[in-house]
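Step one of this worksheet: look at the structure below.
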Amino acid sequence: MTEYIAIGAALAIGLSAIGAGLAEKEIGAAAIGAMAEKESLFAKGLILTVIPETLVIFGLVVALLITGL
Amino acid sequence: MVRVTVAAPREVLNETIETLHKAKLLHLDPHDPKDGVGIGDPLPNADHISKLLVSLAGLRALVPSNKPPVDMKLTIKKAEEIEQRVRSRAQKFHIRIQEAEHDIRAAEEVLEQLSFLDQLGIKETKMLTGYEYLSSAIGTVSNPDALEQLPASTIQFSSPRKRKAEGGIAIFYSHEQEEQVRDILAVAGFTPVTVPVQFTEIIIKKEIALVTKRKQMATAECNEARAGLQKIADEEGPILAAVENFITAEVRKGEAPLQFAVSDFTFVISGWLPKKNKEDLETKLHAINKHIYIQTEEATQTAPIKFRNNPVTRPFEFFLRLYTLPRYGEFEPTLLTFLTFPMFFGMMLGDIGYGITVFLAFGLLRWKLPQYGGLFLIFMISSAWTIAFGYFFGEFFGAEEVFGYHLYPFIHRVTEVSQMLVATLVIGVAHIGLAYTIGFVNKLKSHGIRHAIFGKGSWLLLEAGGVLWFLDVFNVYAFNQLYSLGIVGIAIIMLLVGEGPLGLIEVPGLASNILSYTRLAAVGLASASLAVLANTMAGQLFAQGGFMIVAGVLVLLAIHTLNILIGLLDSFLQSLRLHYVETFTKFYQGNGEAYKPFGS
């Protein structure tokens, strides 16, 4: 049973990290493009770029919960 | 802030501009000519002064200097005289530099041609011309192999083949062979090189020595003239800087009427002014002419804002400048970021050793680069929190000991993860609750009690209901579910009234915002684990003794340095994000304009 829990936890964090990475890839490229045109967009670009990051946090929380740490 | 409208007879236009510029109080609001009355023309001498400014900028580029301006009293006439004087001083050296640079370039060109011939093995230029039966082709070929086709009776000189296989050649052939040779050269990719006429009858080696000498002299002359120019830059730089500042201000004054409404006999200026300076400005303007009429009214949201922070919290205005400035009248969150930004940072890095290292590093940077002092102060305050949390988590470079003194963690970040998660969720609930409360006050001031209760109060209530329900579901504290879900229901109805159906879409966002605060635990866990890993690896190496002790020290240095760098970047960005995304969205409008009075 424990091994399945471990695999589940790994999937939770791994897949959510891949998802966040895919999302951030697109947003980050667009944000950098916008910043190259107008430097004052740095903060707004940063905010948009980090929005999908929360996905990994969810994955991590789920992983920690099911491993019962 | 109050909105000020000044109406005055046109003959006092100059004096009014002068007075306003000296007072440094009024933030000008440019007149929109679509309102009927047109804008004014620049003052008569504005064009002349603008030209002076342009030529000053040119002169400053010629004698660059970073020295601060001297304090001196200037008039336009005096500024012109200084500009003339410095220009005539600098011009002499500038011409000398240009001439010397021209000589250097010419010498380099000649040297290139000479060394080309030299490499071909030609000793004297006499060899090249003046033959009765021979023609010559001098140049480069891209495909030297093709030259093997040339008739044996031709005379060839070629430069030693280099790796790029593009060699110089000189071929001498009789006139009858002309056609044949030309065809072969075309295949070989021949590009002719013209040998200048002045090279008749010179001995190449001798000439190279001569021209090299000439180039050295020109270089020396150029350096000498540059040094002269540098001396002028050092002497006159601060004076020129002062003149440039003065003329820039004069240009602004000269172009000020472009922002006024001007008719044939009167003009009107509108702008913003801090309330306490109202009487000051009135006295100053009435001193010019008592027929100047000044009308003031209460400021609206479009007024510029003026930060009022003490020197400790002031650096944190940086985050607002980076994002967007607050609107006039809305809550200015600098104090909030001062309190919680470094706290979140410290919670994520959370290590006494790292805190001390970072504090010292940024203290040093602040001393060396005072122009970024504000940003470095933010890091120093953050590292003070890092040290405090390091004590709380019982970590000193990942170890639980400081020089033999054992640390007792209140929460152990690596082993007591669930406690950390709960703690960070509590912080999230509190922080977001605080943000909604600020939003409530903002709305109360700008839109009245109804908007405040339904727009922001509903969210506060929703959060409270959600927390009660959560406590119940996870058996922390038993409530009747009717209460918690009832509160949530009421909150959602209020939300529907306050923000409409669109508000409902954001309800799950609230949960995700609160969960987002668990990153405080997650980033800290990663940082602490890496520190522990470094210590474990080094410990194993130390146990082996001998040379391995050196390796252990290197491992410690490398991993802890890496961890501090990652920790700095990550803690900074994550903490910033928690403010921008999770907190500011609850109350902050932004899009404000900074108060920048005319003349400052």
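Residues in the structure tokens are numbered from 1 in each chain, the chains being A, B, ... in the order shown, and ligands are numbered from 1 in the order shown.
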### Query
Within 8 Å of Ala31 (chain A), counting only C-alpha atoms, which residues qualify if same-chain residues fewer than 6 places away don't, as a VMD selection string?
chain A and resid 45 to 46 48 to 49
Polymer residues at most 10 Å from Leu336 (chain B), only C-alpha atoms, same-chain spacing of 2 or more positions, as a short mmCIF file (atom, residue, chain, number, x, y, z; two decimals) with C-alpha atoms, in the first residue's frame:
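around-v3.cif, freshly written:
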data_model
loop_
_atom_site.label_atom_id
_atom_site.label_comp_id
_atom_site.auth_asym_id
_atom_site.auth_seq_id
_atom_site.Cartn_x
_atom_site.Cartn_y
_atom_site.Cartn_z
CA THR B 313 9.42 52.46 5.29
CA PHE B 316 9.21 49.91 0.23
CA GLU B 332 -1.23 53.45 0.33
CA PRO B 333 0.10 49.95 1.08
CA THR B 334 3.74 50.85 1.78
CA PHE B 338 7.03 47.05 5.16
CA LEU B 339 5.43 44.82 7.78
CA THR B 340 4.69 41.64 5.87
CA PHE B 341 7.08 41.53 2.88
CA HIS B 431 -3.36 38.43 5.53
CA LEU B 434 -6.56 42.24 6.40
CA ALA B 435 -6.55 42.97 2.67
CA HIS B 579 1.63 40.78 -2.10
CA THR B 583 -3.15 40.80 -1.40
#
### Contact residues around Leu56 (chain B) with only C-alpha atoms at 12 Å, ignoring same-chain residues under 2 positions, as number ranges by chain
B: 49-54, 58-64, 79-87, 237, 239-248
### Task
Mind checking which residues fall within 8 Å of Ser571 (chain B), counting only C-alpha atoms, ignoring those fewer than 4 positions away in the same chain, and posting them as a PyMOL selection string?
chain B and resi 344-346+348-349+523+567+575
What residues in chain A have any atom no more than 9 Å from chain B when counting only C-alpha atoms, and can you write them as a PDB file with C-alpha atoms, in the first residue's frame?
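out-v8.pdb was written with the following content:
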ATOM      1  CA  SER A  40       7.449  49.410 -17.022  1.00  0.00           C
ATOM      2  CA  LEU A  41       5.406  46.261 -17.608  1.00  0.00           C
ATOM      3  CA  PHE A  42       7.882  44.278 -15.463  1.00  0.00           C
ATOM      4  CA  ALA A  43       5.637  43.991 -12.411  1.00  0.00           C
ATOM      5  CA  LYS A  44       2.544  43.114 -14.424  1.00  0.00           C
ATOM      6  CA  LEU A  46       5.855  39.047 -13.260  1.00  0.00           C
ATOM      7  CA  ILE A  47       2.383  38.713 -11.779  1.00  0.00           C
ATOM      8  CA  LEU A  48       0.979  37.030 -14.866  1.00  0.00           C
ATOM      9  CA  VAL A  50       3.738  33.446 -11.544  1.00  0.00           C
ATOM     10  CA  ILE A  51      -0.017  32.837 -11.544  1.00  0.00           C
ATOM     11  CA  GLU A  53       2.817  28.534  -9.900  1.00  0.00           C
ATOM     12  CA  THR A  54       0.012  27.965  -7.435  1.00  0.00           C
ATOM     13  CA  LEU A  55      -0.669  24.682  -9.263  1.00  0.00           C
ATOM     14  CA  ILE A  57       1.702  24.360  -4.469  1.00  0.00           C
ATOM     15  CA  PHE A  58      -1.594  22.492  -4.737  1.00  0.00           C
ATOM     16  CA  LEU A  60       2.706  19.711  -3.072  1.00  0.00           C
ATOM     17  CA  VAL A  61      -0.065  20.075  -0.508  1.00  0.00           C
ATOM     18  CA  LEU A  64       2.149  15.990   1.699  1.00  0.00           C
ATOM     19  CA  LEU A  65      -1.393  15.197   2.790  1.00  0.00           C
ATOM     20  CA  GLY A  68       0.744  11.865   5.945  1.00  0.00           C
ATOM     21  CA  LEU A  69       3.870  13.832   6.803  1.00  0.00           C
TER      22      LEU A  69
END
### Task
Name all residues at most 9 Å from region 1-5 of chain A (count only C-alpha atoms; drop same-chain ones fewer than 2 positions away) and give them as a ChimeraX atom specification.
/A:7-10,63,66-67
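Counting only C-alpha atoms, region 356-372 of chain B has the following residues at most 9 Å away, ignoring those fewer than 6 positions along the same chain: B:Phe379, B:Met380, B:Ile381, B:Ser382, B:Ser383, B:Ala384, B:Thr386, B:Ile387, B:Ile564, B:Leu568.
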